[in-house]
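Peer 1: Data file input.txt (compact mmCIF, C-alpha atoms) is appended below.
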# COMPACT_ATOMS: atom_id res chain seq x y z
CA MET A 777 13.09 -11.67 -16.07
CA ASP A 778 16.07 -9.34 -16.32
CA ILE A 779 15.77 -6.52 -13.78
CA GLY A 780 18.71 -4.16 -13.65
CA ASN A 781 18.82 -0.86 -11.81
CA SER A 782 17.42 0.90 -14.86
CA GLY A 783 14.41 -1.42 -15.01
CA LEU A 784 13.19 -1.42 -11.41
CA LYS A 785 10.14 0.76 -10.78
CA LEU A 786 9.39 2.31 -7.39
CA SER A 787 6.09 3.32 -5.83
CA ILE A 788 4.96 4.54 -2.40
CA LEU A 789 2.33 3.27 0.04
CA ASP A 790 1.32 6.12 2.35
CA PHE A 791 -0.20 5.45 5.78
CA VAL A 792 -0.54 9.23 6.39
CA HIS A 793 1.24 8.99 9.73
CA ILE A 794 0.54 11.63 12.35
CA TYR A 795 4.02 12.18 13.75
CA LYS A 796 4.56 12.84 17.43
CA GLU A 797 4.13 16.52 18.39
CA SER A 798 2.35 17.06 15.04
CA ASN A 799 -1.34 16.89 14.09
CA ALA A 800 -3.78 15.55 11.53
CA ARG A 801 -3.81 18.66 9.35
CA LYS A 802 -0.02 18.66 9.14
CA SER A 803 0.04 14.96 8.19
CA LEU A 804 -2.26 15.73 5.25
CA GLN A 805 -0.03 18.63 4.21
CA ASN A 806 2.94 16.24 4.40
CA THR A 807 1.15 13.85 2.07
CA THR A 808 0.48 16.61 -0.47
CA GLU A 809 4.16 17.55 -0.45
CA MET A 810 5.23 13.93 -0.71
CA VAL A 811 3.02 12.93 -3.62
CA GLN A 812 4.11 16.00 -5.56
CA LEU A 813 7.75 15.14 -4.90
CA ALA A 814 7.18 11.51 -5.90
CA ASP A 815 5.57 12.72 -9.13
CA ARG A 816 8.62 14.86 -9.95
CA LEU A 817 11.04 12.08 -9.00
CA GLY A 818 9.50 9.54 -11.37
CA TYR A 819 7.78 7.16 -8.95
CA THR A 820 5.21 4.99 -10.73
CA ARG A 821 2.28 5.11 -8.31
CA TYR A 822 1.24 6.50 -4.94
CA TRP A 823 -1.21 4.44 -2.91
CA PHE A 824 -3.04 4.99 0.36
CA THR A 825 -3.88 2.44 3.04
CA GLU A 826 -7.22 2.15 4.83
CA HIS A 827 -7.24 2.32 8.63
CA HIS A 828 -9.92 3.19 11.16
CA ASN A 829 -10.17 3.95 14.89
CA THR A 830 -6.57 5.07 15.30
CA THR A 831 -5.16 8.36 16.57
CA THR A 832 -1.87 7.94 14.69
CA LEU A 833 -3.01 7.60 11.06
CA MET A 834 -5.17 9.71 8.75
CA SER A 835 -5.62 7.09 6.02
CA THR A 836 -9.33 6.39 6.54
CA SER A 837 -10.44 7.02 2.95
CA PRO A 838 -8.03 5.98 0.20
CA ASP A 839 -10.49 7.01 -2.51
CA MET A 840 -10.71 10.60 -1.24
CA LEU A 841 -6.97 10.80 -0.68
CA SER A 842 -6.43 9.48 -4.22
CA MET A 843 -8.68 12.21 -5.60
CA HIS A 844 -6.65 14.82 -3.74
CA ALA A 845 -3.34 13.32 -4.86
CA ALA A 846 -4.38 13.15 -8.51
CA ALA A 847 -5.56 16.76 -8.45
CA HIS A 848 -2.14 17.92 -7.24
CA THR A 849 0.05 15.88 -9.63
CA LYS A 850 0.55 15.31 -13.35
CA ASN A 851 1.82 11.81 -14.14
CA ILE A 852 1.93 9.53 -11.12
CA ARG A 853 -0.74 6.83 -10.74
CA VAL A 854 -2.85 7.02 -7.57
CA GLY A 855 -5.01 4.54 -5.73
CA SER A 856 -5.75 2.31 -2.78
CA GLY A 857 -3.48 -0.13 -1.09
CA GLY A 858 -6.11 -0.94 -0.37
CA VAL A 859 -9.83 -0.62 -0.07
CA MET A 860 -10.77 -3.13 2.64
CA LEU A 861 -13.79 -4.55 0.87
CA PRO A 862 -15.50 -6.11 3.93
CA ASN A 863 -16.04 -2.53 5.21
CA HIS A 864 -17.84 -1.35 2.09
CA SER A 865 -20.67 -1.75 -0.34
CA PRO A 866 -19.19 -3.04 -3.62
CA LEU A 867 -21.48 -0.70 -5.56
CA LYS A 868 -20.20 2.34 -3.67
CA VAL A 869 -16.58 1.31 -4.32
CA VAL A 870 -17.40 0.97 -8.03
CA GLU A 871 -19.09 4.38 -8.10
CA ASN A 872 -16.16 6.09 -6.38
CA PHE A 873 -13.43 4.50 -8.50
CA THR A 874 -15.38 4.95 -11.73
CA LEU A 875 -15.55 8.63 -10.86
CA LEU A 876 -11.80 8.70 -10.20
CA GLU A 877 -11.02 6.91 -13.46
CA GLY A 878 -13.32 9.26 -15.36
CA LEU A 879 -11.60 12.33 -13.92
CA TYR A 880 -8.04 10.99 -14.24
CA PRO A 881 -8.11 8.37 -17.02
CA GLY A 882 -5.23 5.90 -17.02
CA ARG A 883 -3.95 7.01 -13.63
CA VAL A 884 -6.13 5.13 -11.13
CA ASP A 885 -5.54 1.82 -9.31
CA LEU A 886 -7.92 -0.12 -7.09
CA GLY A 887 -6.06 -2.35 -4.65
CA ILE A 888 -8.48 -4.69 -2.88
CA GLY A 889 -8.02 -6.13 0.60
CA ARG A 890 -9.87 -9.10 2.10
CA ALA A 891 -9.72 -8.05 5.77
CA SER A 892 -11.57 -5.29 7.60
CA GLY A 893 -8.30 -4.00 9.02
CA THR A 894 -9.99 -2.78 12.17
CA ASP A 895 -11.70 -3.95 15.36
CA GLY A 896 -15.19 -5.42 15.59
CA TRP A 897 -16.86 -2.37 17.10
CA THR A 898 -15.47 -0.09 14.38
CA MET A 899 -16.46 -2.53 11.66
CA TRP A 900 -19.99 -2.56 13.10
CA ALA A 901 -20.03 1.25 13.01
CA LEU A 902 -18.84 1.22 9.39
CA LEU A 903 -21.32 -1.42 8.25
CA ARG A 904 -24.31 -0.24 10.35
CA SER A 905 -25.18 -3.92 10.78
CA LYS A 906 -24.23 -6.11 13.72
CA GLU A 907 -25.41 -9.19 11.82
CA LEU A 908 -22.71 -8.80 9.15
CA LEU A 909 -19.84 -8.94 11.65
CA GLY A 910 -19.66 -12.72 11.64
CA GLU A 911 -20.09 -13.10 7.89
CA ASN A 912 -17.26 -13.99 5.53
CA ASP A 913 -18.87 -12.95 2.27
CA PHE A 914 -15.76 -11.58 0.58
CA PRO A 915 -16.05 -13.95 -2.42
CA GLU A 916 -19.57 -12.66 -3.09
CA GLN A 917 -18.47 -9.06 -2.53
CA LEU A 918 -15.63 -9.44 -5.03
CA ASP A 919 -17.94 -11.06 -7.59
CA ASN A 920 -20.41 -8.19 -7.19
CA LEU A 921 -17.66 -5.58 -7.48
CA LEU A 922 -16.36 -7.07 -10.73
CA SER A 923 -19.87 -7.58 -12.12
CA PHE A 924 -20.75 -3.95 -11.44
CA PHE A 925 -17.60 -2.85 -13.29
CA ASP A 926 -18.25 -5.30 -16.15
CA ARG A 927 -22.02 -4.74 -16.19
CA ASN A 928 -22.55 -8.46 -16.63
CA PHE A 929 -24.88 -9.59 -13.83
CA LYS A 930 -27.13 -12.43 -14.92
CA ILE A 931 -30.63 -11.24 -15.73
CA THR A 932 -31.92 -13.19 -12.73
CA HIS A 933 -29.58 -11.41 -10.29
CA PRO A 934 -31.29 -8.83 -8.05
CA PHE A 935 -28.62 -6.26 -9.02
CA SER A 936 -29.04 -6.73 -12.78
CA ASN A 937 -31.10 -3.54 -13.13
CA ILE A 938 -28.63 -1.35 -11.23
CA ASN A 939 -26.68 0.91 -13.57
CA PRO A 940 -23.31 2.19 -12.29
CA PRO A 941 -22.19 5.55 -13.68
CA GLY A 942 -20.15 5.84 -16.84
CA ASP A 943 -19.32 2.83 -18.97
CA LYS A 944 -17.02 -0.21 -19.12
CA SER A 945 -14.10 1.93 -20.28
CA MET A 946 -14.01 3.70 -16.91
CA VAL A 947 -12.45 0.86 -14.93
CA PRO A 948 -9.28 1.33 -12.84
CA ASP A 949 -6.42 -1.16 -12.89
CA MET A 950 -7.25 -3.72 -10.21
CA TYR A 951 -4.99 -5.60 -7.82
CA MET A 952 -5.57 -8.12 -5.08
CA LEU A 953 -3.53 -7.48 -1.95
CA GLY A 954 -2.23 -10.37 0.07
CA SER A 955 0.15 -11.59 2.75
CA SER A 956 -0.88 -15.23 2.45
CA GLU A 957 -2.25 -17.73 -0.04
CA GLY A 958 -5.79 -16.33 0.27
CA GLY A 959 -5.21 -13.12 -1.65
CA LEU A 960 -3.07 -15.00 -4.17
CA GLN A 961 -5.86 -17.41 -5.04
CA PHE A 962 -8.36 -14.61 -5.68
CA ALA A 963 -5.83 -12.83 -7.92
CA LEU A 964 -5.32 -16.02 -9.93
CA GLU A 965 -9.02 -16.93 -10.05
CA LYS A 966 -10.07 -13.50 -11.35
CA GLY A 967 -7.00 -12.68 -13.42
CA LEU A 968 -6.12 -9.56 -11.43
CA GLY A 969 -2.82 -7.97 -10.52
CA PHE A 970 -1.27 -9.09 -7.24
CA VAL A 971 0.62 -7.16 -4.55
CA PHE A 972 2.33 -9.10 -1.80
CA ALA A 973 2.82 -7.40 1.58
CA ALA A 974 6.31 -8.58 2.48
CA HIS A 975 6.36 -6.36 5.57
CA LEU A 976 3.61 -8.60 6.99
CA ALA A 977 4.97 -12.01 5.91
CA PRO A 978 8.50 -11.62 4.51
CA GLN A 979 9.25 -15.34 4.38
CA LEU A 980 6.34 -15.95 1.98
CA ALA A 981 7.16 -13.22 -0.54
CA VAL A 982 9.27 -15.25 -2.96
CA PRO A 983 7.09 -18.40 -3.11
CA MET A 984 3.81 -16.46 -3.32
CA LEU A 985 4.93 -14.10 -6.09
CA ARG A 986 6.59 -16.90 -8.06
CA THR A 987 3.42 -18.96 -7.79
CA TYR A 988 1.38 -16.03 -9.07
CA ASN A 989 3.63 -15.51 -12.09
CA SER A 990 3.77 -19.18 -13.03
CA ASN A 991 0.01 -19.83 -12.63
CA PHE A 992 -1.52 -16.62 -14.01
CA LYS A 993 -4.05 -16.99 -16.83
CA PRO A 994 -5.02 -14.04 -19.05
CA SER A 995 -8.33 -12.34 -18.25
CA SER A 996 -10.40 -9.42 -19.47
CA TYR A 997 -8.41 -7.29 -16.99
CA LEU A 998 -4.86 -8.42 -17.75
CA SER A 999 -3.19 -10.21 -20.66
CA GLU A 1000 -0.13 -11.11 -18.58
CA PRO A 1001 0.75 -11.27 -14.86
CA LYS A 1002 1.32 -7.96 -13.10
CA SER A 1003 2.73 -8.14 -9.59
CA MET A 1004 4.46 -5.97 -7.02
CA LEU A 1005 6.25 -6.42 -3.73
CA ALA A 1006 5.41 -4.12 -0.83
CA THR A 1007 8.13 -3.70 1.79
CA ILE A 1008 9.41 -1.19 4.35
CA VAL A 1009 12.44 0.83 3.21
CA ILE A 1010 14.50 3.24 5.30
CA THR A 1011 17.51 4.71 3.54
CA ALA A 1012 19.92 7.61 3.88
CA GLU A 1013 23.36 8.61 2.60
CA THR A 1014 25.21 6.48 5.18
CA GLU A 1015 24.56 3.24 7.06
CA GLU A 1016 24.83 5.02 10.39
CA GLU A 1017 22.26 7.66 9.47
CA ALA A 1018 19.87 5.05 8.06
CA LYS A 1019 20.04 2.99 11.25
CA TYR A 1020 19.30 6.08 13.34
CA ILE A 1021 16.30 7.02 11.16
CA ALA A 1022 15.07 3.39 11.29
CA GLY A 1023 15.06 3.31 15.09
CA PRO A 1024 11.43 4.47 15.38
CA VAL A 1025 9.97 1.89 12.98
CA GLU A 1026 11.93 -0.91 14.65
CA LEU A 1027 10.62 0.16 18.05
CA LEU A 1028 7.07 0.65 16.76
CA TRP A 1029 6.97 -2.85 15.24
CA ALA A 1030 8.55 -4.38 18.35
CA ARG A 1031 5.75 -2.82 20.38
CA MET A 1032 3.09 -4.04 17.95
CA SER A 1033 4.58 -7.54 18.04
CA THR A 1034 4.46 -7.67 21.84
CA GLY A 1035 0.91 -6.39 22.22
CA SER A 1036 1.79 -2.93 23.51
CA LYS A 1037 -0.98 -0.34 23.46
CA ASN A 1038 1.58 2.45 22.95
CA LEU A 1039 1.60 2.67 19.14
CA THR A 1040 2.50 6.34 18.76
CA PHE A 1041 5.33 6.89 16.29
CA PRO A 1042 8.50 7.46 18.38
CA THR A 1043 11.07 10.08 17.41
CA PRO A 1044 14.58 8.95 16.43
CA GLU A 1045 15.96 10.23 19.74
CA GLU A 1046 13.30 8.37 21.74
CA ALA A 1047 14.06 5.19 19.85
CA LYS A 1048 17.80 5.64 20.35
CA ASN A 1049 17.37 6.06 24.11
CA HIS A 1050 14.72 3.36 24.57
CA LYS A 1051 15.64 0.46 26.84
CA TYR A 1052 14.23 -2.63 25.14
CA THR A 1053 12.70 -5.32 27.31
CA GLN A 1054 13.80 -8.89 26.62
CA GLU A 1055 10.50 -9.54 24.87
CA GLU A 1056 10.92 -6.43 22.71
CA GLU A 1057 14.50 -7.43 21.85
CA ARG A 1058 13.31 -10.82 20.64
CA ALA A 1059 10.58 -9.17 18.59
CA LYS A 1060 13.07 -6.71 17.11
CA GLU A 1061 15.29 -9.59 16.01
CA ARG A 1062 12.34 -11.49 14.49
CA ASN A 1063 11.21 -8.37 12.64
CA LYS A 1064 14.49 -7.77 10.80
CA GLU A 1065 13.23 -9.39 7.61
CA ARG A 1066 10.40 -6.88 7.42
CA PHE A 1067 12.77 -3.98 6.78
CA ASN A 1068 15.27 -2.83 4.17
CA ILE A 1069 17.56 -0.48 6.09
CA GLY A 1070 20.89 1.00 4.99
CA SER A 1071 22.79 3.40 2.80
CA VAL A 1072 21.11 4.18 -0.49
CA ALA A 1073 23.63 2.16 -2.51
CA ASN A 1074 23.15 -0.93 -0.33
CA VAL A 1075 19.36 -0.61 -0.23
CA ALA A 1076 19.13 -0.17 -4.01
CA ASP A 1077 21.21 -3.31 -4.49
CA GLN A 1078 19.12 -5.19 -1.92
CA LEU A 1079 15.82 -4.18 -3.57
CA THR A 1080 17.07 -5.12 -7.03
CA LYS A 1081 18.08 -8.60 -5.84
CA THR A 1082 14.76 -9.06 -4.01
CA ALA A 1083 12.81 -8.00 -7.10
CA LYS A 1084 14.66 -10.56 -9.22
CA ALA A 1085 13.98 -13.31 -6.67
CA CYS A 1086 10.27 -12.41 -6.57
CA LEU A 1087 9.95 -11.99 -10.37
CA VAL A 1088 8.64 -8.44 -10.04
CA ASN A 1089 9.83 -5.23 -11.69
CA GLU A 1090 8.17 -2.87 -9.21
CA ILE A 1091 8.52 -2.37 -5.47
CA ILE A 1092 6.02 -0.33 -3.48
CA ILE A 1093 7.62 1.20 -0.41
CA ALA A 1094 5.54 0.99 2.76
CA ASP A 1095 6.41 4.43 4.14
CA PHE A 1096 7.54 4.36 7.78
CA TYR A 1097 10.01 7.23 7.87
CA PRO A 1098 9.85 9.01 11.25
CA ASP A 1099 9.53 12.57 9.96
CA GLN A 1100 8.91 14.54 6.79
CA GLU A 1101 12.52 15.58 6.24
CA SER A 1102 14.03 12.08 6.35
CA ARG A 1103 11.10 10.78 4.33
CA LYS A 1104 11.56 13.20 1.44
CA ARG A 1105 15.32 12.77 1.50
CA GLY A 1106 15.14 8.96 1.55
CA HIS A 1107 12.75 8.72 -1.38
CA GLU A 1108 14.79 11.26 -3.35
CA LEU A 1109 18.08 9.43 -2.77
CA LEU A 1110 16.60 6.12 -3.88
CA ALA A 1111 15.00 7.64 -6.99
CA LYS A 1112 18.35 9.05 -8.05
CA GLU A 1113 20.22 5.84 -7.25
CA LEU A 1114 17.83 3.77 -9.37
CA GLY A 1115 17.68 6.30 -12.19
CA LEU A 1116 13.96 7.09 -11.99
CA ILE A 1117 14.38 10.77 -12.86
CA GLN A 1118 16.59 10.00 -15.86
CA LYS A 1119 14.14 7.40 -17.18
CA ASN A 1120 11.22 9.82 -17.01
CA ASN A 1121 13.24 12.55 -18.71
CA GLU A 1122 13.96 10.11 -21.54
CA LEU A 1123 10.22 9.43 -21.83
CA GLY A 1124 9.49 13.17 -21.96
CA MET A 1125 7.48 13.11 -18.73
What's the C-alpha cells form of this structure?
Peer 2:
Amino acid sequence: MDIGNSGLKLSILDFVHIYKESNARKSLQNTTEMVQLADRLGYTRYWFTEHHNTTTLMSTSPDMLSMHAAAHTKNIRVGSGGVMLPNHSPLKVVENFTLLEGLYPGRVDLGIGRASGTDGWTMWALLRSKELLGENDFPEQLDNLLSFFDRNFKITHPFSNINPPGDKSMVPDMYMLGSSEGGLQFALEKGLGFVFAAHLAPQLAVPMLRTYNSNFKPSSYLSEPKSMLATIVITAETEEEAKYIAGPVELLWARMSTGSKNLTFPTPEEAKNHKYTQEEERAKERNKERFNIGSVANVADQLTKTAKACLVNEIIIADFYPDQESRKRGHELLAKELGLIQKNNELGM
C-alpha cells in the first residue's frame, strides 16, 4: 500500500476531558468547537469514547455525543470509539445507531469494545443485575447485535419476533476495537472493520494490523479490509513547544501506570515543575512508545511511516492535549501539514 502525505487520512477520538479549573459544561462546549473545526479542516471522522464513574471525563454516552456532533457539522463522520457492549443491551445499541444512521445517512460509525471500561460497582449500576457481573457473554452479545441489524435471527430464536426500527439499509459502518488478539479475531470472524489502540499496546500495533489485512475475508459489511490505528499525538510548531504541551499527558500516564489515584489532567506548568519519583520516571520511559510528540513536520513524517508499517491509510488521534487552545492549534497544524484541507477543497467539500 502506497501511503504518501496526500493519502493519509486523520480522525479524532475525543475523551471529552474536563480540564483542571474548568467544568463539565465547558468541556462539552470545547467538544462542539473542536468537532466543527475538525469538519472544516477535513478530518475524516470524530469519535467519542465511553467512560463511567470518573470526575475528569464527560464521555459517558458516545451515541448522544455523536448525535450532537452530527447536528453541528456537515461532512465529518461521527461515532463511537467505542460503545462498550458489555454495559448495554444489544437491541438498545441497534435502536440508537439505527436512529443516528437514519438522521445522518452515510456519516455514522459504530465502534464496538469488548470490555466494560469501568469498575464492578459501576457496571452493576449500569446493568441493574449483579448476576451478570461475572458473565463473559460478549460473543453472544455481538451475535445478537449483528442479527438485530441484519434481521436474520433463526425462527426458533426468542428474539426472532422483535422488530428494530427502520430497515436493513439503516446500518452504520461497524468496527471492532482492540488492543490485543481478542478484538482482532472478532473483526476477522465477522468481517468488520478493525481499529487498533496503539496507545494501549504500541508494540502489538504492526503485527495485529498486518494480520488483520492479510487474513480478512469479505462479508456483507465489507468487501475489503478497513483498518485504522489509534494513537496519542501532541504536536506544535516547534519541538520545544510540543514537549512542553506533552508534559501533562506524560505525567498523567505515568500516574496511571503506577497506580496513582490522582488522575486529574495536570496543566503544562504543573507537569513542568513536577518532581517525578523513581517509579514514575521508569513508567514515563516505558510509556514513550504510546505517544507521537514533536514539531508538526516530524510528527507528520512519523505518522506516515507508522501508517505504512501498519498497512493503514487512516490514523485516529486519541486526543490528550492539555487545553483547548493547544488542542485546536495542534489539529490545525497537522491538517495543513498533511494536506487535508486541500484534498477536501479538491473534492468540493
Peer 1: Quote the spacing between atom CA of A:Ala800 and atom CA of A:Ser835 in Å to one decimal place.
Peer 2: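 Taking atom CA of A:Ala800 as the start and atom CA of A:Ser835 as the end point, the length is 10.3 Å.
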Peer 1: Write out as a ChimeraX atom specification which residues come within 9 Å of stretch 982-985 of chain A when counting only C-alpha atoms, dropping same-chain ones fewer than 5 positions away.
Peer 2: /A:955-957,960,970-972,990,1003-1005,1082,1085-1088
Peer 1: Could you save those same residues with C-alpha atoms as a PDB file, keeping the file's coordinate frame?
Peer 2:
ATOM      1  CA  SER A 955       0.150 -11.590   2.750  1.00  0.00           C
ATOM      2  CA  SER A 956      -0.880 -15.230   2.450  1.00  0.00           C
ATOM      3  CA  GLU A 957      -2.250 -17.730  -0.040  1.00  0.00           C
ATOM      4  CA  LEU A 960      -3.070 -15.000  -4.170  1.00  0.00           C
ATOM      5  CA  PHE A 970      -1.270  -9.090  -7.240  1.00  0.00           C
ATOM      6  CA  VAL A 971       0.620  -7.160  -4.550  1.00  0.00           C
ATOM      7  CA  PHE A 972       2.330  -9.100  -1.800  1.00  0.00           C
ATOM      8  CA  SER A 990       3.770 -19.180 -13.030  1.00  0.00           C
ATOM      9  CA  SER A1003       2.730  -8.140  -9.590  1.00  0.00           C
ATOM     10  CA  MET A1004       4.460  -5.970  -7.020  1.00  0.00           C
ATOM     11  CA  LEU A1005       6.250  -6.420  -3.730  1.00  0.00           C
ATOM     12  CA  THR A1082      14.760  -9.060  -4.010  1.00  0.00           C
ATOM     13  CA  ALA A1085      13.980 -13.310  -6.670  1.00  0.00           C
ATOM     14  CA  CYS A1086      10.270 -12.410  -6.570  1.00  0.00           C
ATOM     15  CA  LEU A1087       9.950 -11.990 -10.370  1.00  0.00           C
ATOM     16  CA  VAL A1088       8.640  -8.440 -10.040  1.00  0.00           C
TER      17      VAL A1088
END
Peer 1: Considering all atoms listed in the file, state which residue in the set A:Asn937, A:Phe925, A:Pro862, A:Asp919 is at the smallest distance from A:Leu902.
Peer 2: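 So, comparing all the options, the nearest one is A:Pro862.
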Peer 1: Find, counting all atoms listed in the file, the residue in A:Glu1026, A:Glu1108, A:Glu1055, A:Glu911 that gets nearest to A:Ala891.
Peer 2: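 Smallest separation from A:Ala891 among the options: A:Glu911.
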Peer 1: Using only C-alpha atoms, which residue out of A:Asn1049, A:Asn829, A:Thr807, A:Ser1033 lies closest to A:Gly896?
Peer 2: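 Among A:Asn1049, A:Asn829, A:Thr807, A:Ser1033, it is A:Asn829 that comes nearest to A:Gly896.
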Peer 1: Please identify all polymer residues within 7 Å of stretch 1009-1019 of chain A, counting all atoms listed in the file, omitting same-chain residues fewer than 5 positions from it, and present them as a PyMOL selection string.
Peer 2: chain A and resi 1067-1072+1075+1093-1094+1097+1106
Peer 1: Output C-alpha atoms of each residue in that selection to a file, as a CSV table (one decimal), in the frame of the given file.
Peer 2:
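Generated file (out.csv):
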chain,number,residue,atom,x,y,z
A,1067,PHE,CA,12.8,-4.0,6.8
A,1068,ASN,CA,15.3,-2.8,4.2
A,1069,ILE,CA,17.6,-0.5,6.1
A,1070,GLY,CA,20.9,1.0,5.0
A,1071,SER,CA,22.8,3.4,2.8
A,1072,VAL,CA,21.1,4.2,-0.5
A,1075,VAL,CA,19.4,-0.6,-0.2
A,1093,ILE,CA,7.6,1.2,-0.4
A,1094,ALA,CA,5.5,1.0,2.8
A,1097,TYR,CA,10.0,7.2,7.9
A,1106,GLY,CA,15.1,9.0,1.6
Peer 1: Measuring between only C-alpha atoms, which one of A:Ala814, A:Leu921, A:Met899, A:Met834 shows the shortest distance to A:Leu867?
Peer 2: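 Distance minimum relative to A:Leu867 lands on A:Leu921.
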Peer 1: Pick from A:Leu976, A:Leu968, A:Val947, A:Val854: nearest to A:Lys993, with only C-alpha atoms counted?
Peer 2: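 The answer is A:Leu968, which sits nearest to A:Lys993.
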Peer 1: Which residue gives the smallest distance to A:Phe1041 among A:Ile794, A:Leu804, A:Leu876, A:Ala1073, with all atoms listed in the file counted?
Peer 2: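 The shortest atom-to-atom distance to A:Phe1041 comes from A:Ile794.
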Peer 1: Compile the contact shell of A:Pro994 as a list of chain:residue names: residues with an atom at most 10 Å away, counting only C-alpha atoms, same-chain residues fewer than 5 positions apart removed.
Peer 2: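 In the requested form, the answer reads A:Leu964, A:Lys966, A:Gly967, A:Leu968, A:Ser999, A:Glu1000, A:Pro1001.
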Peer 1: Under the rule of at most 12 Å, produce a per-residue listing of stretch 832-879 of chain A near stretch 941-945 of chain A: chain, number, name, the closest pair of atoms, and the distance in Å, as a Markdown table, using all atoms listed in the file.
Peer 2:
| residue | atom | partner | partner_atom | distance |
| --- | --- | --- | --- | --- |
| A:Leu867 | CA | A:Pro941 | CA | 10.3 |
| A:Lys868 | CA | A:Pro941 | CA | 10.7 |
| A:Val869 | CA | A:Pro941 | CA | 11.7 |
| A:Val870 | CA | A:Pro941 | CA | 8.7 |
| A:Glu871 | CA | A:Pro941 | CA | 6.5 |
| A:Asn872 | CA | A:Pro941 | CA | 9.5 |
| A:Phe873 | CA | A:Pro941 | CA | 10.2 |
| A:Thr874 | CA | A:Gly942 | CA | 7.0 |
| A:Leu875 | CA | A:Pro941 | CA | 7.8 |
| A:Leu876 | CA | A:Gly942 | CA | 11.0 |
| A:Glu877 | CA | A:Ser945 | CA | 9.0 |
| A:Gly878 | CA | A:Gly942 | CA | 7.8 |
| A:Leu879 | CA | A:Gly942 | CA | 11.1 |
Peer 1: Only C-alpha atoms, please: the residues just picked out, written as an mmCIF file, keeping the file's coordinate frame.
Peer 2:
data_model
loop_
_atom_site.group_PDB
_atom_site.id
_atom_site.type_symbol
_atom_site.label_atom_id
_atom_site.label_comp_id
_atom_site.auth_asym_id
_atom_site.auth_seq_id
_atom_site.Cartn_x
_atom_site.Cartn_y
_atom_site.Cartn_z
ATOM 1 C CA LEU A 867 -21.480 -0.700 -5.560
ATOM 2 C CA LYS A 868 -20.200 2.340 -3.670
ATOM 3 C CA VAL A 869 -16.580 1.310 -4.320
ATOM 4 C CA VAL A 870 -17.400 0.970 -8.030
ATOM 5 C CA GLU A 871 -19.090 4.380 -8.100
ATOM 6 C CA ASN A 872 -16.160 6.090 -6.380
ATOM 7 C CA PHE A 873 -13.430 4.500 -8.500
ATOM 8 C CA THR A 874 -15.380 4.950 -11.730
ATOM 9 C CA LEU A 875 -15.550 8.630 -10.860
ATOM 10 C CA LEU A 876 -11.800 8.700 -10.200
ATOM 11 C CA GLU A 877 -11.020 6.910 -13.460
ATOM 12 C CA GLY A 878 -13.320 9.260 -15.360
ATOM 13 C CA LEU A 879 -11.600 12.330 -13.920
#
Peer 1: Within 8 Å of A:Ala1083, counting all atoms listed in the file, which residues show up once you throw out same-chain ones fewer than 5 positions away? Write them as an mmCIF file with C-alpha atoms, in the coordinates of the input, please.
Peer 2:
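Result file follows (selection-v6.cif):
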data_model
loop_
_atom_site.group_PDB
_atom_site.id
_atom_site.type_symbol
_atom_site.label_atom_id
_atom_site.label_comp_id
_atom_site.auth_asym_id
_atom_site.auth_seq_id
_atom_site.Cartn_x
_atom_site.Cartn_y
_atom_site.Cartn_z
ATOM 1 C CA ILE A 779 15.770 -6.520 -13.780
ATOM 2 C CA LEU A 784 13.190 -1.420 -11.410
ATOM 3 C CA LEU A 1005 6.250 -6.420 -3.730
ATOM 4 C CA VAL A 1088 8.640 -8.440 -10.040
ATOM 5 C CA ASN A 1089 9.830 -5.230 -11.690
ATOM 6 C CA GLU A 1090 8.170 -2.870 -9.210
ATOM 7 C CA ILE A 1091 8.520 -2.370 -5.470
#
Peer 1: Could you list as a PyMOL selection string every residue that has an atom within 12 Å of (15.2, 8.9, 17.7), using the file's coordinates and counting all atoms listed in the file?
Peer 2: chain A and resi 796+1017-1028+1041-1050+1097-1099+1102
Peer 1: Mind writing the picked residues with C-alpha atoms as a short mmCIF file (atom, residue, chain, number, x, y, z; two decimals), keeping the file's coordinate frame?
Peer 2:
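In the end it all went to part-v7.cif:
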data_model
loop_
_atom_site.label_atom_id
_atom_site.label_comp_id
_atom_site.auth_asym_id
_atom_site.auth_seq_id
_atom_site.Cartn_x
_atom_site.Cartn_y
_atom_site.Cartn_z
CA LYS A 796 4.56 12.84 17.43
CA GLU A 1017 22.26 7.66 9.47
CA ALA A 1018 19.87 5.05 8.06
CA LYS A 1019 20.04 2.99 11.25
CA TYR A 1020 19.30 6.08 13.34
CA ILE A 1021 16.30 7.02 11.16
CA ALA A 1022 15.07 3.39 11.29
CA GLY A 1023 15.06 3.31 15.09
CA PRO A 1024 11.43 4.47 15.38
CA VAL A 1025 9.97 1.89 12.98
CA GLU A 1026 11.93 -0.91 14.65
CA LEU A 1027 10.62 0.16 18.05
CA LEU A 1028 7.07 0.65 16.76
CA PHE A 1041 5.33 6.89 16.29
CA PRO A 1042 8.50 7.46 18.38
CA THR A 1043 11.07 10.08 17.41
CA PRO A 1044 14.58 8.95 16.43
CA GLU A 1045 15.96 10.23 19.74
CA GLU A 1046 13.30 8.37 21.74
CA ALA A 1047 14.06 5.19 19.85
CA LYS A 1048 17.80 5.64 20.35
CA ASN A 1049 17.37 6.06 24.11
CA HIS A 1050 14.72 3.36 24.57
CA TYR A 1097 10.01 7.23 7.87
CA PRO A 1098 9.85 9.01 11.25
CA ASP A 1099 9.53 12.57 9.96
CA SER A 1102 14.03 12.08 6.35
#
